[in-house]
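In what follows, a single structure is set out as structure tokens and then discussed.
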Amino acid sequence: MEYIRVTKENIEKEHICCAISNNNDVQVASKKAWLSDRFDEGLVFLKSVERGKCFIEYIPAENAWNPIEADGYMFINCLWVSGSFKGHGYSNDLLVECIADSKSKGKKGLCILSSAKKKPFLADPKYLKYKGFEVCDEADNGIQLWHLPFEKETEKPSFKECAKHPHIDDGGYVLYYTSQCPFNAKYVPIVEKTAEEQGVPFKAIHLTDKKDAQNAPTPITNYALFFDGEYLTNEQMNDKRFLKLLAR
């Protein structure tokens, strides 16, 4: 497999892998704008030259849009290989490139979000364990921070205190999200409209600033849904999924 790094110079002509093919789609525009603003902060987006979900996105942890303490580490936003690309070792290729790049930049290691059991849109814990990652912190909602240090006795990353006990004071449904995930640009407004039609209290908080994201009340910031103050899920909702949730 051949891979290409998306940069400011080529981002307009390159696809961004997340099952979206139309460059005029609001999701594409949102994601590309978010990426473009992160390149100067050290973000790397490496993907297959073929269209499809086969890419890795990572950034120096001090610039990650998550409430973590991991100075000197590289934080993996997303490692996604699926569909016809699965089973060919491409995840290993991408991770090897990330490790080599991170070492060349003097990083202490890698860190990434996961959980004890596989959750949607999070790294597979079985794969992480197989590649040598270990859990270094866990929030009350079961979201875990995993790390792969490059040397023994390296200080472990951790969640900030604000993220260890995910809870908010607001009632009703409250969604924290960023533009890191392109699907939010399309589906958050749809869920907002659905909630309004159903007469359900719903507030969407769009995190558009790194500092706000780094001090959010949740380890996951690209999509975190709360209800009456309690964390519910990181799984992106469309109208049908949200209606199903309301019917529980």
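Lettering and numbering for the structure tokens are positional, with chains as A, B, ... in the shown order, residues counted from 1 in each chain, and ligands counted from 1 in the shown order.
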If we count only C-alpha atoms and set the cut-off at 8 Å, which residues sit around Asp71 in chain A, ignoring sequence neighbours fewer than 5 positions away in its own chain? Please answer as a short mmCIF file (atom, residue, chain, number, x, y, z; two decimals) with N, CA and C atoms, in the first residue's frame.
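Saved to selection.cif:
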data_model
loop_
_atom_site.label_atom_id
_atom_site.label_comp_id
_atom_site.auth_asym_id
_atom_site.auth_seq_id
_atom_site.Cartn_x
_atom_site.Cartn_y
_atom_site.Cartn_z
N ALA A 61 0.72 15.90 22.02
CA ALA A 61 -0.32 15.82 23.04
C ALA A 61 -0.64 17.17 23.67
N GLU A 62 0.34 18.07 23.74
CA GLU A 62 0.05 19.38 24.33
C GLU A 62 -0.90 20.19 23.45
N PRO A 157 1.11 9.34 30.96
CA PRO A 157 0.10 10.39 30.76
C PRO A 157 -1.09 10.14 31.69
#
Tell me, counting only C-alpha atoms, for each residue of range 155-178 of chain A within 6 Å of range 216-232 of chain A, which pair of atoms is nearest and how far apart they are in Å to one decimal, in rows ordered by chain and increasing number, as a Markdown table.
| residue | atom | partner | partner_atom | distance |
| --- | --- | --- | --- | --- |
| A:Cys162 | CA | A:Pro217 | CA | 5.2 |
| A:Ala163 | CA | A:Thr218 | CA | 4.5 |
| A:Pro166 | CA | A:Thr218 | CA | 5.1 |
| A:His167 | CA | A:Gly229 | CA | 5.3 |
| A:Ile168 | CA | A:Gly229 | CA | 4.5 |
| A:Asp169 | CA | A:Gly229 | CA | 5.3 |
| A:Asp170 | CA | A:Gly229 | CA | 5.6 |
| A:Gly171 | CA | A:Asp228 | CA | 4.0 |
| A:Gly172 | CA | A:Asp228 | CA | 4.9 |
| A:Tyr173 | CA | A:Phe227 | CA | 4.5 |
| A:Val174 | CA | A:Phe226 | CA | 5.1 |
| A:Leu175 | CA | A:Leu225 | CA | 4.4 |
| A:Tyr176 | CA | A:Ala224 | CA | 5.2 |
| A:Tyr177 | CA | A:Tyr223 | CA | 4.4 |
| A:Thr178 | CA | A:Asn222 | CA | 4.6 |
Please produce a file of those selected residues containing N, CA and C atoms, as a short mmCIF file (atom, residue, chain, number, x, y, z; two decimals), in the first residue's frame.
data_model
loop_
_atom_site.label_atom_id
_atom_site.label_comp_id
_atom_site.auth_asym_id
_atom_site.auth_seq_id
_atom_site.Cartn_x
_atom_site.Cartn_y
_atom_site.Cartn_z
N CYS A 162 -10.78 17.37 35.49
CA CYS A 162 -12.11 17.71 34.96
C CYS A 162 -12.71 16.59 34.14
N ALA A 163 -11.86 15.69 33.63
CA ALA A 163 -12.34 14.62 32.75
C ALA A 163 -12.47 13.27 33.45
N PRO A 166 -16.76 12.43 34.58
CA PRO A 166 -17.63 13.13 33.63
C PRO A 166 -19.03 13.39 34.20
N HIS A 167 -19.32 14.65 34.43
CA HIS A 167 -20.62 15.05 34.97
C HIS A 167 -20.79 16.55 34.70
N ILE A 168 -22.01 16.95 34.40
CA ILE A 168 -22.32 18.37 34.22
C ILE A 168 -23.57 18.70 35.03
N ASP A 169 -23.81 19.98 35.23
CA ASP A 169 -24.95 20.41 36.04
C ASP A 169 -26.22 20.60 35.23
N ASP A 170 -26.12 20.67 33.91
CA ASP A 170 -27.27 20.95 33.06
C ASP A 170 -28.22 19.75 33.00
N GLY A 171 -29.52 20.04 32.91
CA GLY A 171 -30.52 19.01 32.71
C GLY A 171 -30.77 18.78 31.23
N GLY A 172 -31.54 17.74 30.92
CA GLY A 172 -31.84 17.42 29.53
C GLY A 172 -30.64 16.84 28.83
N TYR A 173 -30.69 16.82 27.50
CA TYR A 173 -29.59 16.30 26.69
C TYR A 173 -28.61 17.44 26.37
N VAL A 174 -27.34 17.17 26.63
CA VAL A 174 -26.29 18.14 26.32
C VAL A 174 -25.19 17.42 25.55
N LEU A 175 -24.84 17.97 24.42
CA LEU A 175 -23.81 17.37 23.58
C LEU A 175 -22.59 18.28 23.49
N TYR A 176 -21.44 17.73 23.83
CA TYR A 176 -20.16 18.40 23.58
C TYR A 176 -19.56 17.79 22.32
N TYR A 177 -19.11 18.64 21.40
CA TYR A 177 -18.53 18.09 20.17
C TYR A 177 -17.55 19.08 19.55
N THR A 178 -16.69 18.58 18.69
CA THR A 178 -15.75 19.40 17.94
C THR A 178 -15.93 19.12 16.45
#
**Residue nearest Ser30 in chain A - candidates A:Glu153, A:Leu246, A:Ser179, A:Ala204, atoms counted: only C-alpha atoms** =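 Of all the options, A:Ser179 lies closest to Ser30 in chain A.
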**Request:** Name all residues at most 9 Å from Leu79 in chain A (count only C-alpha atoms; drop same-chain ones fewer than 2 positions away) and give them as an MDAnalysis selection string.
**Result:** chainID A and resid 54:58 76:77 81 91 94:95 122:123
**Complete:** The distance between CA of Leu243 in chain A and CA of Cys181 in chain A is 21.5 Å
**Message:** Residues near Lys152 in chain A, anyone? I mean within 12 Å using only C-alpha atoms, not counting same-chain ones fewer than 5 positions away, as an MDAnalysis selection string.
**Reply:** chainID A and resid 108:109 147
**Asked** With only C-alpha atoms as the atoms that count, which of A:Ile99, A:Cys136, A:Val49, A:Met237 lies nearest to Tyr187 in chain A?
**Response**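 Answer, going by the shortest atom-to-atom distance: A:Met237.
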**Prompt:** So how many Å separate CA of Asp25 in chain A and CA of Asn238 in chain A, to one decimal?
**Reply:**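 One can read the CA of Asp25 in chain A to CA of Asn238 in chain A distance as 16.7 Å.
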**Message:** Please list as an NGL selection string every residue within 10 Å of Lys211 in chain A, counting only C-alpha atoms and excluding residues in the same chain fewer than 5 positions away.
**Reply:** :A and (63-67 or 216)
Just-selected residues, all heavy atoms written as a short mmCIF file (atom, residue, chain, number, x, y, z; two decimals), in the first residue's frame:
data_model
loop_
_atom_site.label_atom_id
_atom_site.label_comp_id
_atom_site.auth_asym_id
_atom_site.auth_seq_id
_atom_site.Cartn_x
_atom_site.Cartn_y
_atom_site.Cartn_z
N ASN A 63 -1.05 19.77 22.19
CA ASN A 63 -1.98 20.45 21.29
C ASN A 63 -3.24 19.63 21.01
O ASN A 63 -4.07 20.02 20.19
CB ASN A 63 -1.29 20.77 19.95
CG ASN A 63 -0.23 21.85 20.10
OD1 ASN A 63 -0.39 22.77 20.90
ND2 ASN A 63 0.84 21.73 19.34
N ALA A 64 -3.37 18.49 21.68
CA ALA A 64 -4.55 17.65 21.49
C ALA A 64 -5.79 18.34 22.04
O ALA A 64 -5.72 19.07 23.02
CB ALA A 64 -4.35 16.30 22.18
N TRP A 65 -6.92 18.09 21.41
CA TRP A 65 -8.19 18.67 21.85
C TRP A 65 -8.88 17.72 22.84
O TRP A 65 -10.04 17.37 22.68
CB TRP A 65 -9.07 18.96 20.64
CG TRP A 65 -8.67 20.22 19.92
CD1 TRP A 65 -7.40 20.62 19.59
CD2 TRP A 65 -9.54 21.24 19.44
NE1 TRP A 65 -7.43 21.82 18.94
CE2 TRP A 65 -8.73 22.22 18.83
CE3 TRP A 65 -10.92 21.41 19.46
CZ2 TRP A 65 -9.27 23.38 18.26
CZ3 TRP A 65 -11.45 22.55 18.88
CH2 TRP A 65 -10.64 23.53 18.30
N ASN A 66 -8.14 17.33 23.85
CA ASN A 66 -8.64 16.44 24.89
C ASN A 66 -8.03 16.85 26.22
O ASN A 66 -6.88 17.32 26.25
CB ASN A 66 -8.27 14.99 24.59
CG ASN A 66 -8.86 14.48 23.30
OD1 ASN A 66 -8.30 14.73 22.24
ND2 ASN A 66 -9.97 13.77 23.37
N PRO A 67 -8.75 16.68 27.32
CA PRO A 67 -8.23 17.06 28.64
C PRO A 67 -7.27 16.00 29.19
O PRO A 67 -7.64 15.17 30.01
CB PRO A 67 -9.50 17.19 29.49
CG PRO A 67 -10.49 16.30 28.83
CD PRO A 67 -10.17 16.29 27.38
N ALA A 216 -12.61 20.33 29.01
CA ALA A 216 -13.98 19.83 28.92
C ALA A 216 -14.26 18.80 30.01
O ALA A 216 -13.34 18.15 30.51
CB ALA A 216 -14.21 19.22 27.54
#
**Request:** Write out as a PyMOL selection string which residues come within 8 Å of Gly106 in chain A when counting only C-alpha atoms, dropping same-chain ones fewer than 3 positions away.
**Result:** chain A and resi 72+102-103
Go ahead and dump the residues you just picked, C-alpha atoms, as a compact mmCIF listing (two decimals), in the first residue's frame.
# COMPACT_ATOMS: atom_id res chain seq x y z
CA GLY A 72 6.18 15.11 25.37
CA SER A 102 7.27 10.58 16.75
CA LYS A 103 10.71 9.24 17.69
**Message:** Going by DSSP on the backbone, which residues of range 60-166 of chain A come out as strand (DSSP E or B)? List them as a ChimeraX atom specification.
**Reply:** /A:60,68-69,73-81,109-115,134-138,143-149,158-159
**Contacts of range 37-41 of chain A at 8 Å (only C-alpha atoms; same-chain gap of 3+ positions) as a list in words** =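 Near neighbours after the sequence-gap exclusion: Thr7, Lys8, Ala33, Trp34, Val44, Ile59, Pro60 and Asn63 of chain A.
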Keeping only all heavy atoms, take the residues you just selected and write them out as a PDB file, in the first residue's frame.
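Once written, selection_20.pdb looks like this:
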ATOM      1  N   THR A   7      -1.369  17.745   3.624  1.00  0.00           N
ATOM      2  CA  THR A   7      -0.744  18.984   4.097  1.00  0.00           C
ATOM      3  C   THR A   7      -1.579  20.182   3.639  1.00  0.00           C
ATOM      4  O   THR A   7      -2.560  20.034   2.904  1.00  0.00           O
ATOM      5  CB  THR A   7       0.673  19.130   3.532  1.00  0.00           C
ATOM      6  OG1 THR A   7       0.583  19.272   2.102  1.00  0.00           O
ATOM      7  CG2 THR A   7       1.535  17.909   3.872  1.00  0.00           C
ATOM      8  N   LYS A   8      -1.159  21.361   4.044  1.00  0.00           N
ATOM      9  CA  LYS A   8      -1.833  22.571   3.585  1.00  0.00           C
ATOM     10  C   LYS A   8      -1.784  22.701   2.072  1.00  0.00           C
ATOM     11  O   LYS A   8      -2.694  23.236   1.447  1.00  0.00           O
ATOM     12  CB  LYS A   8      -1.178  23.814   4.213  1.00  0.00           C
ATOM     13  CG  LYS A   8      -1.582  24.106   5.641  1.00  0.00           C
ATOM     14  CD  LYS A   8      -0.992  25.427   6.092  1.00  0.00           C
ATOM     15  CE  LYS A   8      -1.481  25.814   7.473  1.00  0.00           C
ATOM     16  NZ  LYS A   8      -0.927  27.120   7.909  1.00  0.00           N
ATOM     17  N   ALA A  33     -11.253  22.245   7.125  1.00  0.00           N
ATOM     18  CA  ALA A  33     -10.967  23.503   7.810  1.00  0.00           C
ATOM     19  C   ALA A  33     -10.326  23.240   9.162  1.00  0.00           C
ATOM     20  O   ALA A  33      -9.357  23.909   9.554  1.00  0.00           O
ATOM     21  CB  ALA A  33     -12.250  24.314   7.981  1.00  0.00           C
ATOM     22  N   TRP A  34     -10.841  22.224   9.883  1.00  0.00           N
ATOM     23  CA  TRP A  34     -10.289  21.893  11.190  1.00  0.00           C
ATOM     24  C   TRP A  34      -8.855  21.392  11.051  1.00  0.00           C
ATOM     25  O   TRP A  34      -7.960  21.799  11.807  1.00  0.00           O
ATOM     26  CB  TRP A  34     -11.161  20.826  11.861  1.00  0.00           C
ATOM     27  CG  TRP A  34     -10.827  20.601  13.311  1.00  0.00           C
ATOM     28  CD1 TRP A  34     -11.309  21.294  14.377  1.00  0.00           C
ATOM     29  CD2 TRP A  34      -9.906  19.634  13.843  1.00  0.00           C
ATOM     30  NE1 TRP A  34     -10.761  20.817  15.550  1.00  0.00           N
ATOM     31  CE2 TRP A  34      -9.897  19.793  15.248  1.00  0.00           C
ATOM     32  CE3 TRP A  34      -9.104  18.646  13.275  1.00  0.00           C
ATOM     33  CZ2 TRP A  34      -9.119  19.008  16.087  1.00  0.00           C
ATOM     34  CZ3 TRP A  34      -8.322  17.864  14.116  1.00  0.00           C
ATOM     35  CH2 TRP A  34      -8.339  18.037  15.499  1.00  0.00           C
ATOM     36  N   VAL A  44      -0.529  15.526  12.034  1.00  0.00           N
ATOM     37  CA  VAL A  44      -0.178  14.704  10.870  1.00  0.00           C
ATOM     38  C   VAL A  44      -1.395  13.875  10.476  1.00  0.00           C
ATOM     39  O   VAL A  44      -2.024  13.240  11.334  1.00  0.00           O
ATOM     40  CB  VAL A  44       1.010  13.778  11.168  1.00  0.00           C
ATOM     41  CG1 VAL A  44       1.245  12.807  10.005  1.00  0.00           C
ATOM     42  CG2 VAL A  44       2.266  14.595  11.441  1.00  0.00           C
ATOM     43  N   ILE A  59      -1.205  14.150  16.741  1.00  0.00           N
ATOM     44  CA  ILE A  59      -0.784  15.513  17.038  1.00  0.00           C
ATOM     45  C   ILE A  59      -0.007  15.514  18.357  1.00  0.00           C
ATOM     46  O   ILE A  59      -0.260  14.669  19.227  1.00  0.00           O
ATOM     47  CB  ILE A  59      -2.034  16.428  17.143  1.00  0.00           C
ATOM     48  CG1 ILE A  59      -1.656  17.913  17.168  1.00  0.00           C
ATOM     49  CG2 ILE A  59      -2.876  16.068  18.359  1.00  0.00           C
ATOM     50  CD1 ILE A  59      -2.858  18.846  17.016  1.00  0.00           C
ATOM     51  N   PRO A  60       0.958  16.417  18.537  1.00  0.00           N
ATOM     52  CA  PRO A  60       1.618  16.511  19.844  1.00  0.00           C
ATOM     53  C   PRO A  60       0.583  16.682  20.951  1.00  0.00           C
ATOM     54  O   PRO A  60      -0.352  17.483  20.824  1.00  0.00           O
ATOM     55  CB  PRO A  60       2.498  17.762  19.696  1.00  0.00           C
ATOM     56  CG  PRO A  60       2.821  17.811  18.233  1.00  0.00           C
ATOM     57  CD  PRO A  60       1.563  17.348  17.552  1.00  0.00           C
ATOM     58  N   ASN A  63      -1.052  19.772  22.188  1.00  0.00           N
ATOM     59  CA  ASN A  63      -1.980  20.447  21.287  1.00  0.00           C
ATOM     60  C   ASN A  63      -3.238  19.626  21.011  1.00  0.00           C
ATOM     61  O   ASN A  63      -4.074  20.019  20.189  1.00  0.00           O
ATOM     62  CB  ASN A  63      -1.289  20.773  19.955  1.00  0.00           C
ATOM     63  CG  ASN A  63      -0.235  21.849  20.095  1.00  0.00           C
ATOM     64  OD1 ASN A  63      -0.394  22.773  20.900  1.00  0.00           O
ATOM     65  ND2 ASN A  63       0.844  21.734  19.344  1.00  0.00           N
TER      66      ASN A  63
END
